[in-house]
Amino acid sequence: MMTRRQFIVGSGAAVLGAALVTRAQAASLPEAPVQTKTMTQPPLVPSDGRPYRPVVTLNGWTLPWRVKDGWKEFHLVAEPVRREIAPGMVANLWGYNGQSPGPTIECVEGDKVRIFVTNKLPEHTTIHWHGILLPNGMDGVGGLTQPHIPVGKTYVYEFVMKHSGTFMYHPHADEMVQMAMGMMGFIVVHPKDPNLYRVDRDFVFLINAFDIDPGSYTPKVNTMLDFNLWCWNSRVFPGIDPLVVRKGDRVRIRMGNLTMTNHPIHIHGHNFSVTCTDGGWVKKSARWPETTVDMPIGALRAFEFVADAPGDWAFHCHKSHHVMNAMGHGVPTMIGVDQRGVAEKINKLLPDYMAMGERGMAEMGGMEMPLPDNTLPMMTGQGPFGPIEMGGMFTVVKIREGLARDDYKDPGWYKHPKDSVAYEWKGALPAS
Ligand SMILES: [Cu+2]
């Protein structure tokens with residue numbers, strides 16, 4: 001991480017216009033740190049204020065703050081960013097403080113927060129604090145509750161975090177474009193009592209999607225449903241980090257959906273209960289067991305489970321097209337079609353033509369075909385037993401015995417105990 005000051009000095013850009021900040025009477029704006037890395041950053045343990053157990057943002061980070069006269073001050077800078085979607089593909093997005101999504105904001109129930117928002121986009125913006133109960137004039141709806149933040153200006157939002165829970169922020173200005181470009185971030189408000197709803201590991205991420213043609217870098221902002229990159233925190237498999245968990249830990253995973261479709265998010269090997277939504281905590285008596293939680297559009301869900309089974313457990317969206325990367329939907333099904341002789345004939349015209357799909361599409365998972373610039377294979381990722389044949393909204397929850405309390409390092413692939421992996425039957429088969 002580098003500070004905004006280092007970044008500004010390094011790039012020779014003009015300093016921020018502190019004179020624009022009048023209501024907060026701030027002599028100086030708080031630092032607006034910039035994140036340059038796309039991997040999951042360690043939890044940011046609070047250095048002042050009420051204690052809490054911090055969250056871990058999947059392929060993201062938490063925004064540092066300062067305390068001034070009893071207010072927690074944060075500084076978000078809305079700006080164009082370059083985000084690696086997975087190794088081999090970079091996108092030109094809009095985000096905050098160097099990344100899309102922006103940094104996670106963490107604070108405590110009862111905190112007075114002052115959030116400075118500097119607009120370095122080419123057009124005006126605002127920020128809406130989704131799910132937070134606050135005064136109407138702080139709600140961030142451009143034209144309705146405030147003037148839009150003009151290009152180059154800094155606005156200040158001030159409110160009290162009245163209740164704990166799971167929230168997000170995003171623009172309420174030219175929404176279709178600004179969210180399609182990646183502007184969003186997570187908010188976690190911890191309970192005043194750190195022992196209330198306490199878990200050992202608390203992961204957060206936003207569900208988002210982009211439509212970026214192979215060979216190009218900027219999302220097509222007019223796409224409504226036919227996206228080709230289904231992301232968690234603007235990353236796709238195999239670019240999404242694993243969720244590393246110690247056996248026996250109580251785990252919470254919090255997700256927000258800012259796409260235009262629902263996502264049934266499924267975990268293997270465990271069952272869980274939804275414990276929190278953007279409307280608040282779910283009473284114990286109102287919880288039920290699930291292995292899939294449907295993520296509605298424009299909503300947040302947090303679920304909890306005890307990680308009692310060691311292993312590498314798949315964790316993914318259950319819409320099968322959402323665990324794929326860039327793919328063509330207009331391709332005919334070739335299963336059962338006799339393509340003998342077709343390739344030879346077509347090769348006379350198109351030397352690289354291959355006949356495929358006759359026996360399904362699994363062969364694509366292991367194939368190393370040359371790709372156009374700046375795109376990703378549709379099905380990819382190598383596991384310990386071969387190609388994983390996934391993309392998009394897929395990662396692995398890696399549960400291991402004996403990890404240190406805050407160890408989030410990738411432990412590598414699970415080593416299965418002897419005789420515990422599915423095996424080939426080599427005896428005689430009974431008559432059917
Ligand atoms: Cu999905």
# chains A, B, ... in the order shown; residues from 1 in each chain; ligands from 1

call {"tool": "closest_atom_pairs", "arguments": {"of": "chain A", "to": "ligand 1", "cutoff": "10 Å", "atoms": "only C-alpha atoms and all ligand atoms", "output": "CSV"}}
result
residue,atom,partner,partner_atom_place_in_ligand_line,distance
A:Ile207,CA,ligand 1,1 (Cu),8.3
A:Asn208,CA,ligand 1,1 (Cu),9.2
A:Ala209,CA,ligand 1,1 (Cu),9.2
A:Trp230,CA,ligand 1,1 (Cu),6.9
A:Cys231,CA,ligand 1,1 (Cu),8.6
A:Trp232,CA,ligand 1,1 (Cu),9.7
A:Asn257,CA,ligand 1,1 (Cu),9.5
A:Thr259,CA,ligand 1,1 (Cu),9.0
A:Thr261,CA,ligand 1,1 (Cu),7.5
A:Asn262,CA,ligand 1,1 (Cu),6.4
A:His263,CA,ligand 1,1 (Cu),3.8
A:Pro264,CA,ligand 1,1 (Cu),6.3
A:Ile265,CA,ligand 1,1 (Cu),7.2
A:Asp294,CA,ligand 1,1 (Cu),9.2
A:Met295,CA,ligand 1,1 (Cu),8.5
A:His316,CA,ligand 1,1 (Cu),8.1
A:Cys317,CA,ligand 1,1 (Cu),4.6
A:His318,CA,ligand 1,1 (Cu),6.4
A:Lys319,CA,ligand 1,1 (Cu),5.1
A:Ser320,CA,ligand 1,1 (Cu),7.8
A:His321,CA,ligand 1,1 (Cu),7.6
A:His322,CA,ligand 1,1 (Cu),4.8
A:Val323,CA,ligand 1,1 (Cu),7.5
A:Gly392,CA,ligand 1,1 (Cu),8.6
A:Met393,CA,ligand 1,1 (Cu),6.7
A:Phe394,CA,ligand 1,1 (Cu),9.6

call {"tool": "write_last_selection", "arguments": {"atoms": "N, CA and C atoms", "output": "PDB file, in the first residue's frame"}}
result
ATOM      1  N   ILE A 207     -20.370  -9.059  -5.315  1.00  0.00           N
ATOM      2  CA  ILE A 207     -20.601  -9.800  -6.545  1.00  0.00           C
ATOM      3  C   ILE A 207     -20.821  -8.762  -7.641  1.00  0.00           C
ATOM      4  N   ASN A 208     -19.980  -8.782  -8.684  1.00  0.00           N
ATOM      5  CA  ASN A 208     -20.149  -7.825  -9.781  1.00  0.00           C
ATOM      6  C   ASN A 208     -19.840  -8.512 -11.109  1.00  0.00           C
ATOM      7  N   ALA A 209     -20.143  -7.835 -12.202  1.00  0.00           N
ATOM      8  CA  ALA A 209     -19.985  -8.460 -13.519  1.00  0.00           C
ATOM      9  C   ALA A 209     -19.575  -7.415 -14.540  1.00  0.00           C
ATOM     10  N   TRP A 230     -18.020 -12.874 -14.756  1.00  0.00           N
ATOM     11  CA  TRP A 230     -18.835 -12.925 -13.535  1.00  0.00           C
ATOM     12  C   TRP A 230     -17.870 -12.943 -12.368  1.00  0.00           C
ATOM     13  N   CYS A 231     -17.877 -11.861 -11.589  1.00  0.00           N
ATOM     14  CA  CYS A 231     -16.761 -11.603 -10.663  1.00  0.00           C
ATOM     15  C   CYS A 231     -17.177 -11.618  -9.202  1.00  0.00           C
ATOM     16  N   TRP A 232     -16.224 -11.908  -8.369  1.00  0.00           N
ATOM     17  CA  TRP A 232     -16.273 -11.590  -6.943  1.00  0.00           C
ATOM     18  C   TRP A 232     -15.176 -10.564  -6.729  1.00  0.00           C
ATOM     19  N   ASN A 257     -24.652  -8.115  -3.622  1.00  0.00           N
ATOM     20  CA  ASN A 257     -24.848  -8.348  -5.055  1.00  0.00           C
ATOM     21  C   ASN A 257     -25.168  -7.044  -5.775  1.00  0.00           C
ATOM     22  N   THR A 259     -24.923  -6.908  -9.229  1.00  0.00           N
ATOM     23  CA  THR A 259     -25.173  -7.223 -10.639  1.00  0.00           C
ATOM     24  C   THR A 259     -26.672  -7.080 -10.896  1.00  0.00           C
ATOM     25  N   THR A 261     -28.645  -9.619 -11.877  1.00  0.00           N
ATOM     26  CA  THR A 261     -29.309 -10.916 -11.789  1.00  0.00           C
ATOM     27  C   THR A 261     -28.986 -11.524 -10.421  1.00  0.00           C
ATOM     28  N   ASN A 262     -29.746 -12.571 -10.056  1.00  0.00           N
ATOM     29  CA  ASN A 262     -29.505 -13.219  -8.764  1.00  0.00           C
ATOM     30  C   ASN A 262     -28.383 -14.251  -8.880  1.00  0.00           C
ATOM     31  N   HIS A 263     -27.792 -14.605  -7.763  1.00  0.00           N
ATOM     32  CA  HIS A 263     -26.706 -15.591  -7.743  1.00  0.00           C
ATOM     33  C   HIS A 263     -26.914 -16.565  -6.599  1.00  0.00           C
ATOM     34  N   PRO A 264     -27.220 -17.838  -6.898  1.00  0.00           N
ATOM     35  CA  PRO A 264     -27.317 -18.861  -5.848  1.00  0.00           C
ATOM     36  C   PRO A 264     -25.910 -19.311  -5.447  1.00  0.00           C
ATOM     37  N   ILE A 265     -25.443 -18.844  -4.296  1.00  0.00           N
ATOM     38  CA  ILE A 265     -24.056 -19.107  -3.880  1.00  0.00           C
ATOM     39  C   ILE A 265     -24.041 -20.349  -2.987  1.00  0.00           C
ATOM     40  N   ASP A 294     -29.488 -17.791  -2.030  1.00  0.00           N
ATOM     41  CA  ASP A 294     -29.724 -17.000  -3.226  1.00  0.00           C
ATOM     42  C   ASP A 294     -29.450 -15.539  -2.900  1.00  0.00           C
ATOM     43  N   MET A 295     -28.574 -14.937  -3.665  1.00  0.00           N
ATOM     44  CA  MET A 295     -28.226 -13.531  -3.455  1.00  0.00           C
ATOM     45  C   MET A 295     -29.128 -12.673  -4.316  1.00  0.00           C
ATOM     46  N   HIS A 316     -19.009 -21.556  -4.850  1.00  0.00           N
ATOM     47  CA  HIS A 316     -19.251 -20.988  -6.183  1.00  0.00           C
ATOM     48  C   HIS A 316     -20.699 -20.577  -6.379  1.00  0.00           C
ATOM     49  N   CYS A 317     -20.940 -19.774  -7.418  1.00  0.00           N
ATOM     50  CA  CYS A 317     -22.296 -19.504  -7.874  1.00  0.00           C
ATOM     51  C   CYS A 317     -22.811 -20.755  -8.558  1.00  0.00           C
ATOM     52  N   HIS A 318     -24.092 -21.090  -8.311  1.00  0.00           N
ATOM     53  CA  HIS A 318     -24.635 -22.320  -8.889  1.00  0.00           C
ATOM     54  C   HIS A 318     -25.240 -22.126 -10.272  1.00  0.00           C
ATOM     55  N   LYS A 319     -25.219 -20.894 -10.817  1.00  0.00           N
ATOM     56  CA  LYS A 319     -25.609 -20.723 -12.227  1.00  0.00           C
ATOM     57  C   LYS A 319     -24.400 -21.161 -13.053  1.00  0.00           C
ATOM     58  N   SER A 320     -24.573 -22.230 -13.839  1.00  0.00           N
ATOM     59  CA  SER A 320     -23.391 -22.838 -14.449  1.00  0.00           C
ATOM     60  C   SER A 320     -22.701 -21.918 -15.455  1.00  0.00           C
ATOM     61  N   HIS A 321     -23.424 -20.939 -16.005  1.00  0.00           N
ATOM     62  CA  HIS A 321     -22.749 -19.993 -16.905  1.00  0.00           C
ATOM     63  C   HIS A 321     -21.947 -18.950 -16.130  1.00  0.00           C
ATOM     64  N   HIS A 322     -22.172 -18.894 -14.806  1.00  0.00           N
ATOM     65  CA  HIS A 322     -21.428 -17.903 -14.008  1.00  0.00           C
ATOM     66  C   HIS A 322     -20.122 -18.463 -13.468  1.00  0.00           C
ATOM     67  N   VAL A 323     -19.852 -19.747 -13.726  1.00  0.00           N
ATOM     68  CA  VAL A 323     -18.537 -20.305 -13.390  1.00  0.00           C
ATOM     69  C   VAL A 323     -17.765 -20.576 -14.679  1.00  0.00           C
ATOM     70  N   GLY A 392     -14.895 -17.608 -13.679  1.00  0.00           N
ATOM     71  CA  GLY A 392     -15.923 -16.788 -13.031  1.00  0.00           C
ATOM     72  C   GLY A 392     -15.977 -16.911 -11.527  1.00  0.00           C
ATOM     73  N   MET A 393     -17.247 -17.094 -11.025  1.00  0.00           N
ATOM     74  CA  MET A 393     -17.519 -17.013  -9.588  1.00  0.00           C
ATOM     75  C   MET A 393     -17.252 -18.349  -8.910  1.00  0.00           C
ATOM     76  N   PHE A 394     -15.982 -18.698  -8.787  1.00  0.00           N
ATOM     77  CA  PHE A 394     -15.587 -19.982  -8.194  1.00  0.00           C
ATOM     78  C   PHE A 394     -14.315 -19.773  -7.398  1.00  0.00           C
TER      79      PHE A 394
END

call {"tool": "residues_around", "arguments": {"residues": "Ile132 (chain A)", "least_positions_apart": "4", "cutoff": "10 Å", "atoms": "only C-alpha atoms", "output": "PyMOL selection string"}}
result
chain A and resi 128+139+159-169+187+189+278-280

call {"tool": "atom_distance", "arguments": {"atom1": "CA of Glu304 (chain A)", "atom2": "CA of Gln99 (chain A)"}}
result
27.6 Å

call {"tool": "residues_around", "arguments": {"residues": "Gln35 (chain A)", "least_positions_apart": "3", "cutoff": "12 Å", "atoms": "only C-alpha atoms", "output": "MDAnalysis selection string"}}
result
chainID A and resid 1:4 6:7 32 38:41 59:64 76:77 81:83 95:104

call {"tool": "write_last_selection", "arguments": {"atoms": "N, CA and C atoms", "output": "mmCIF file, in the first residue's frame"}}
result
data_model
loop_
_atom_site.group_PDB
_atom_site.id
_atom_site.type_symbol
_atom_site.label_atom_id
_atom_site.label_comp_id
_atom_site.auth_asym_id
_atom_site.auth_seq_id
_atom_site.Cartn_x
_atom_site.Cartn_y
_atom_site.Cartn_z
ATOM 1 N N MET A 1 0.854 -1.188 0.000
ATOM 2 C CA MET A 1 0.000 0.000 0.000
ATOM 3 C C MET A 1 0.885 1.232 0.000
ATOM 4 N N MET A 2 0.517 2.257 -0.726
ATOM 5 C CA MET A 2 1.246 3.517 -0.653
ATOM 6 C C MET A 2 0.269 4.604 -0.248
ATOM 7 N N THR A 3 0.799 5.669 0.350
ATOM 8 C CA THR A 3 -0.098 6.749 0.732
ATOM 9 C C THR A 3 -0.397 7.594 -0.493
ATOM 10 N N ARG A 4 -1.510 8.291 -0.440
ATOM 11 C CA ARG A 4 -1.895 9.181 -1.516
ATOM 12 C C ARG A 4 -0.790 10.220 -1.751
ATOM 13 N N GLN A 6 2.491 9.942 -1.253
ATOM 14 C CA GLN A 6 3.587 9.350 -2.030
ATOM 15 C C GLN A 6 3.184 9.223 -3.482
ATOM 16 N N PHE A 7 1.952 8.836 -3.675
ATOM 17 C CA PHE A 7 1.438 8.610 -5.020
ATOM 18 C C PHE A 7 1.435 9.928 -5.793
ATOM 19 N N ALA A 32 -5.579 9.739 1.762
ATOM 20 C CA ALA A 32 -6.390 8.774 1.012
ATOM 21 C C ALA A 32 -5.436 7.711 0.485
ATOM 22 N N THR A 38 -3.680 -6.661 -5.874
ATOM 23 C CA THR A 38 -5.002 -7.255 -6.060
ATOM 24 C C THR A 38 -5.206 -8.481 -5.172
ATOM 25 N N MET A 39 -4.178 -8.906 -4.434
ATOM 26 C CA MET A 39 -4.401 -10.073 -3.575
ATOM 27 C C MET A 39 -5.010 -9.652 -2.235
ATOM 28 N N THR A 40 -5.633 -10.629 -1.565
ATOM 29 C CA THR A 40 -6.282 -10.388 -0.276
ATOM 30 C C THR A 40 -5.269 -9.816 0.718
ATOM 31 N N GLN A 41 -5.573 -8.675 1.298
ATOM 32 C CA GLN A 41 -4.683 -8.055 2.280
ATOM 33 C C GLN A 41 -5.059 -8.534 3.685
ATOM 34 N N ASN A 59 -9.523 -10.571 -2.086
ATOM 35 C CA ASN A 59 -8.846 -9.794 -3.130
ATOM 36 C C ASN A 59 -9.079 -8.296 -2.949
ATOM 37 N N GLY A 60 -9.045 -7.858 -1.676
ATOM 38 C CA GLY A 60 -9.253 -6.447 -1.395
ATOM 39 C C GLY A 60 -8.606 -6.049 -0.088
ATOM 40 N N TRP A 61 -9.053 -4.923 0.456
ATOM 41 C CA TRP A 61 -8.387 -4.329 1.622
ATOM 42 C C TRP A 61 -9.357 -3.433 2.362
ATOM 43 N N THR A 62 -8.961 -3.027 3.588
ATOM 44 C CA THR A 62 -9.763 -2.119 4.412
ATOM 45 C C THR A 62 -9.113 -0.746 4.416
ATOM 46 N N LEU A 63 -9.946 0.290 4.373
ATOM 47 C CA LEU A 63 -9.450 1.665 4.320
ATOM 48 C C LEU A 63 -8.998 2.140 5.715
ATOM 49 N N PRO A 64 -7.727 2.530 5.862
ATOM 50 C CA PRO A 64 -7.298 3.122 7.137
ATOM 51 C C PRO A 64 -8.028 4.452 7.391
ATOM 52 N N LEU A 76 -12.243 8.736 0.616
ATOM 53 C CA LEU A 76 -12.381 7.951 -0.616
ATOM 54 C C LEU A 76 -12.115 8.868 -1.807
ATOM 55 N N VAL A 77 -11.365 8.363 -2.768
ATOM 56 C CA VAL A 77 -11.121 9.106 -4.006
ATOM 57 C C VAL A 77 -11.693 8.286 -5.161
ATOM 58 N N VAL A 81 -9.240 3.381 -12.566
ATOM 59 C CA VAL A 81 -8.226 2.450 -12.055
ATOM 60 C C VAL A 81 -7.986 1.363 -13.097
ATOM 61 N N ARG A 82 -6.860 0.671 -12.955
ATOM 62 C CA ARG A 82 -6.629 -0.533 -13.758
ATOM 63 C C ARG A 82 -6.673 -1.710 -12.796
ATOM 64 N N ARG A 83 -7.501 -2.693 -13.097
ATOM 65 C CA ARG A 83 -7.677 -3.832 -12.194
ATOM 66 C C ARG A 83 -7.350 -5.111 -12.953
ATOM 67 N N GLY A 95 -13.110 3.171 -9.911
ATOM 68 C CA GLY A 95 -13.193 2.631 -8.554
ATOM 69 C C GLY A 95 -12.816 3.691 -7.552
ATOM 70 N N TYR A 96 -12.234 3.235 -6.455
ATOM 71 C CA TYR A 96 -11.852 4.148 -5.372
ATOM 72 C C TYR A 96 -10.463 3.772 -4.863
ATOM 73 N N ASN A 97 -9.629 4.776 -4.646
ATOM 74 C CA ASN A 97 -8.318 4.606 -4.013
ATOM 75 C C ASN A 97 -7.495 3.499 -4.684
ATOM 76 N N GLY A 98 -7.517 3.499 -5.996
ATOM 77 C CA GLY A 98 -6.625 2.620 -6.745
ATOM 78 C C GLY A 98 -7.192 1.269 -7.128
ATOM 79 N N GLN A 99 -8.380 0.918 -6.626
ATOM 80 C CA GLN A 99 -8.928 -0.412 -6.924
ATOM 81 C C GLN A 99 -10.432 -0.361 -7.206
ATOM 82 N N SER A 100 -10.908 -1.384 -7.872
ATOM 83 C CA SER A 100 -12.347 -1.674 -7.966
ATOM 84 C C SER A 100 -12.532 -3.111 -7.504
ATOM 85 N N PRO A 101 -13.411 -3.368 -6.535
ATOM 86 C CA PRO A 101 -14.145 -2.416 -5.709
ATOM 87 C C PRO A 101 -13.205 -1.539 -4.884
ATOM 88 N N GLY A 102 -13.781 -0.484 -4.324
ATOM 89 C CA GLY A 102 -13.017 0.353 -3.414
ATOM 90 C C GLY A 102 -12.733 -0.389 -2.124
ATOM 91 N N PRO A 103 -11.969 0.238 -1.219
ATOM 92 C CA PRO A 103 -11.640 -0.407 0.051
ATOM 93 C C PRO A 103 -12.872 -0.623 0.919
ATOM 94 N N THR A 104 -12.815 -1.645 1.761
ATOM 95 C CA THR A 104 -13.877 -1.885 2.746
ATOM 96 C C THR A 104 -13.766 -0.832 3.849
#

call {"tool": "select_by_dssp", "arguments": {"residues": "region 188-379 of chain A", "states": "alpha helix (DSSP H)", "output": "JSON, numbers by chain"}}
result
{"A": [342, 343, 344, 345, 346, 347, 363, 364, 365, 366]}

call {"tool": "write_last_selection", "arguments": {"atoms": "all heavy atoms", "output": "PDB file, in the first residue's frame"}}
result
ATOM      1  N   VAL A 342     -14.922 -33.251 -41.403  1.00  0.00           N
ATOM      2  CA  VAL A 342     -15.247 -31.824 -41.484  1.00  0.00           C
ATOM      3  C   VAL A 342     -13.989 -30.970 -41.343  1.00  0.00           C
ATOM      4  O   VAL A 342     -13.752 -30.052 -42.118  1.00  0.00           O
ATOM      5  CB  VAL A 342     -16.295 -31.447 -40.396  1.00  0.00           C
ATOM      6  CG1 VAL A 342     -16.447 -29.941 -40.276  1.00  0.00           C
ATOM      7  CG2 VAL A 342     -17.645 -32.080 -40.745  1.00  0.00           C
ATOM      8  N   ALA A 343     -13.161 -31.322 -40.317  1.00  0.00           N
ATOM      9  CA  ALA A 343     -11.970 -30.517 -40.056  1.00  0.00           C
ATOM     10  C   ALA A 343     -11.048 -30.475 -41.279  1.00  0.00           C
ATOM     11  O   ALA A 343     -10.575 -29.406 -41.658  1.00  0.00           O
ATOM     12  CB  ALA A 343     -11.220 -31.063 -38.840  1.00  0.00           C
ATOM     13  N   GLU A 344     -10.837 -31.648 -41.912  1.00  0.00           N
ATOM     14  CA  GLU A 344      -9.931 -31.672 -43.070  1.00  0.00           C
ATOM     15  C   GLU A 344     -10.437 -30.746 -44.169  1.00  0.00           C
ATOM     16  O   GLU A 344      -9.691 -29.991 -44.769  1.00  0.00           O
ATOM     17  CB  GLU A 344      -9.793 -33.097 -43.652  1.00  0.00           C
ATOM     18  CG  GLU A 344      -9.121 -34.107 -42.740  1.00  0.00           C
ATOM     19  CD  GLU A 344     -10.120 -34.860 -41.868  1.00  0.00           C
ATOM     20  OE1 GLU A 344     -10.640 -34.255 -40.890  1.00  0.00           O
ATOM     21  OE2 GLU A 344     -10.406 -36.008 -42.174  1.00  0.00           O
ATOM     22  N   LYS A 345     -11.765 -30.792 -44.411  1.00  0.00           N
ATOM     23  CA  LYS A 345     -12.322 -29.973 -45.483  1.00  0.00           C
ATOM     24  C   LYS A 345     -12.169 -28.485 -45.154  1.00  0.00           C
ATOM     25  O   LYS A 345     -11.757 -27.691 -45.991  1.00  0.00           O
ATOM     26  CB  LYS A 345     -13.804 -30.309 -45.701  1.00  0.00           C
ATOM     27  CG  LYS A 345     -13.997 -31.602 -46.490  1.00  0.00           C
ATOM     28  CD  LYS A 345     -15.467 -31.900 -46.705  1.00  0.00           C
ATOM     29  CE  LYS A 345     -15.646 -33.369 -47.130  1.00  0.00           C
ATOM     30  NZ  LYS A 345     -16.984 -33.864 -46.827  1.00  0.00           N
ATOM     31  N   ILE A 346     -12.524 -28.116 -43.891  1.00  0.00           N
ATOM     32  CA  ILE A 346     -12.502 -26.691 -43.526  1.00  0.00           C
ATOM     33  C   ILE A 346     -11.068 -26.181 -43.430  1.00  0.00           C
ATOM     34  O   ILE A 346     -10.793 -25.023 -43.724  1.00  0.00           O
ATOM     35  CB  ILE A 346     -13.316 -26.453 -42.227  1.00  0.00           C
ATOM     36  CG1 ILE A 346     -14.786 -26.754 -42.506  1.00  0.00           C
ATOM     37  CG2 ILE A 346     -13.159 -25.008 -41.730  1.00  0.00           C
ATOM     38  CD1 ILE A 346     -15.726 -26.547 -41.350  1.00  0.00           C
ATOM     39  N   ASN A 347     -10.126 -27.093 -43.043  1.00  0.00           N
ATOM     40  CA  ASN A 347      -8.732 -26.672 -42.910  1.00  0.00           C
ATOM     41  C   ASN A 347      -8.155 -26.126 -44.210  1.00  0.00           C
ATOM     42  O   ASN A 347      -7.218 -25.338 -44.181  1.00  0.00           O
ATOM     43  CB  ASN A 347      -7.870 -27.841 -42.412  1.00  0.00           C
ATOM     44  CG  ASN A 347      -7.892 -27.911 -40.891  1.00  0.00           C
ATOM     45  OD1 ASN A 347      -8.224 -26.939 -40.219  1.00  0.00           O
ATOM     46  ND2 ASN A 347      -7.562 -29.069 -40.355  1.00  0.00           N
ATOM     47  N   GLU A 363     -13.127 -31.145 -23.014  1.00  0.00           N
ATOM     48  CA  GLU A 363     -11.787 -31.043 -23.617  1.00  0.00           C
ATOM     49  C   GLU A 363     -11.282 -29.601 -23.612  1.00  0.00           C
ATOM     50  O   GLU A 363     -10.079 -29.359 -23.635  1.00  0.00           O
ATOM     51  CB  GLU A 363     -11.789 -31.609 -25.042  1.00  0.00           C
ATOM     52  CG  GLU A 363     -12.811 -30.937 -25.950  1.00  0.00           C
ATOM     53  CD  GLU A 363     -13.003 -31.669 -27.284  1.00  0.00           C
ATOM     54  OE1 GLU A 363     -12.156 -32.506 -27.630  1.00  0.00           O
ATOM     55  OE2 GLU A 363     -13.999 -31.389 -27.974  1.00  0.00           O
ATOM     56  N   MET A 364     -12.202 -28.625 -23.522  1.00  0.00           N
ATOM     57  CA  MET A 364     -11.762 -27.229 -23.491  1.00  0.00           C
ATOM     58  C   MET A 364     -10.998 -26.892 -22.222  1.00  0.00           C
ATOM     59  O   MET A 364     -10.166 -25.996 -22.203  1.00  0.00           O
ATOM     60  CB  MET A 364     -12.956 -26.281 -23.592  1.00  0.00           C
ATOM     61  CG  MET A 364     -13.534 -26.248 -24.983  1.00  0.00           C
ATOM     62  SD  MET A 364     -14.620 -24.843 -25.189  1.00  0.00           S
ATOM     63  CE  MET A 364     -13.472 -23.477 -25.103  1.00  0.00           C
ATOM     64  N   GLY A 365     -11.333 -27.600 -21.110  1.00  0.00           N
ATOM     65  CA  GLY A 365     -10.702 -27.312 -19.823  1.00  0.00           C
ATOM     66  C   GLY A 365      -9.217 -27.589 -19.812  1.00  0.00           C
ATOM     67  O   GLY A 365      -8.466 -26.939 -19.109  1.00  0.00           O
ATOM     68  N   GLY A 366      -8.779 -28.569 -20.608  1.00  0.00           N
ATOM     69  CA  GLY A 366      -7.367 -28.932 -20.604  1.00  0.00           C
ATOM     70  C   GLY A 366      -6.608 -28.355 -21.777  1.00  0.00           C
ATOM     71  O   GLY A 366      -5.388 -28.487 -21.877  1.00  0.00           O
TER      72      GLY A 366
END

call {"tool": "residues_around", "arguments": {"residues": "region 50-52 of chain A", "least_positions_apart": "3", "cutoff": "10 Å", "atoms": "only C-alpha atoms", "output": "ChimeraX atom specification"}}
result
/A:45-47,55,106-111,189-195,198

call {"tool": "residues_around", "arguments": {"residues": "Tyr414 (chain A)", "least_positions_apart": "6", "cutoff": "10 Å", "atoms": "only C-alpha atoms", "output": "list of chain:residue names"}}
result
A:Pro310, A:Gly311, A:Asp312, A:Trp313, A:Pro384, A:Lys398, A:Ile399, A:Arg400

call {"tool": "select_by_dssp", "arguments": {"residues": "region 207-255 of chain A", "states": "strand (DSSP E)", "output": "MDAnalysis selection string"}}
result
chainID A and resid 207:210 229:232 243:246 250:255

call {"tool": "residues_around", "arguments": {"residues": "region 375-383 of chain A", "least_positions_apart": "3", "cutoff": "8 Å", "atoms": "only C-alpha atoms", "output": "list in words"}}
result
Ala86, Gly88, Met89, Asp213, Pro214, Gly215, Phe237, Pro238, Met324, Asn325, Ala326, Met327, Met364, Gly365, Gly366, Leu371, Pro372, Gly386, Pro387, Ile388, Glu389, Met390, Gly391 and Trp413 of chain A

call {"tool": "atom_distance", "arguments": {"atom1": "CA of Met179 (chain A)", "atom2": "CA of His130 (chain A)"}}
result
13.6 Å

call {"tool": "closest_residue", "arguments": {"among": "A:Ala173, A:Ala362, A:Met255, A:Val282", "to": "Pro296 (chain A)", "atoms": "only C-alpha atoms"}}
result
A:Met255

call {"tool": "closest_residue", "arguments": {"among": "A:Thr275, A:Ser285, A:Ser28, A:Thr395", "to": "Arg301 (chain A)", "atoms": "only C-alpha atoms"}}
result
A:Thr275

call {"tool": "closest_residue", "arguments": {"among": "A:Arg66, A:His170, A:Arg252, A:Arg201", "to": "Cys276 (chain A)", "atoms": "only C-alpha atoms"}}
result
A:Arg252

call {"tool": "atom_distance", "arguments": {"atom1": "CA of Leu44 (chain A)", "atom2": "CA of Thr57 (chain A)"}}
result
10.0 Å

call {"tool": "decode", "arguments": {"residues": "region 333-337 of chain A", "atoms": "N, CA, C and O atoms", "output": "PDB file, in the first residue's frame"}}
result
ATOM      1  N   THR A 333     -24.843 -26.608 -30.193  1.00  0.00           N
ATOM      2  CA  THR A 333     -24.446 -27.832 -29.483  1.00  0.00           C
ATOM      3  C   THR A 333     -24.026 -28.870 -30.515  1.00  0.00           C
ATOM      4  O   THR A 333     -24.770 -29.141 -31.458  1.00  0.00           O
ATOM      5  N   MET A 334     -22.852 -29.469 -30.319  1.00  0.00           N
ATOM      6  CA  MET A 334     -22.344 -30.447 -31.286  1.00  0.00           C
ATOM      7  C   MET A 334     -22.389 -31.869 -30.738  1.00  0.00           C
ATOM      8  O   MET A 334     -21.931 -32.794 -31.403  1.00  0.00           O
ATOM      9  N   ILE A 335     -22.955 -32.038 -29.521  1.00  0.00           N
ATOM     10  CA  ILE A 335     -22.977 -33.375 -28.923  1.00  0.00           C
ATOM     11  C   ILE A 335     -23.736 -34.329 -29.838  1.00  0.00           C
ATOM     12  O   ILE A 335     -24.874 -34.041 -30.236  1.00  0.00           O
ATOM     13  N   GLY A 336     -23.092 -35.441 -30.187  1.00  0.00           N
ATOM     14  CA  GLY A 336     -23.736 -36.437 -31.031  1.00  0.00           C
ATOM     15  C   GLY A 336     -23.614 -36.164 -32.523  1.00  0.00           C
ATOM     16  O   GLY A 336     -24.057 -36.967 -33.336  1.00  0.00           O
ATOM     17  N   VAL A 337     -23.015 -35.034 -32.926  1.00  0.00           N
ATOM     18  CA  VAL A 337     -22.882 -34.728 -34.359  1.00  0.00           C
ATOM     19  C   VAL A 337     -21.614 -35.400 -34.885  1.00  0.00           C
ATOM     20  O   VAL A 337     -20.544 -35.266 -34.299  1.00  0.00           O
TER      21      VAL A 337
END
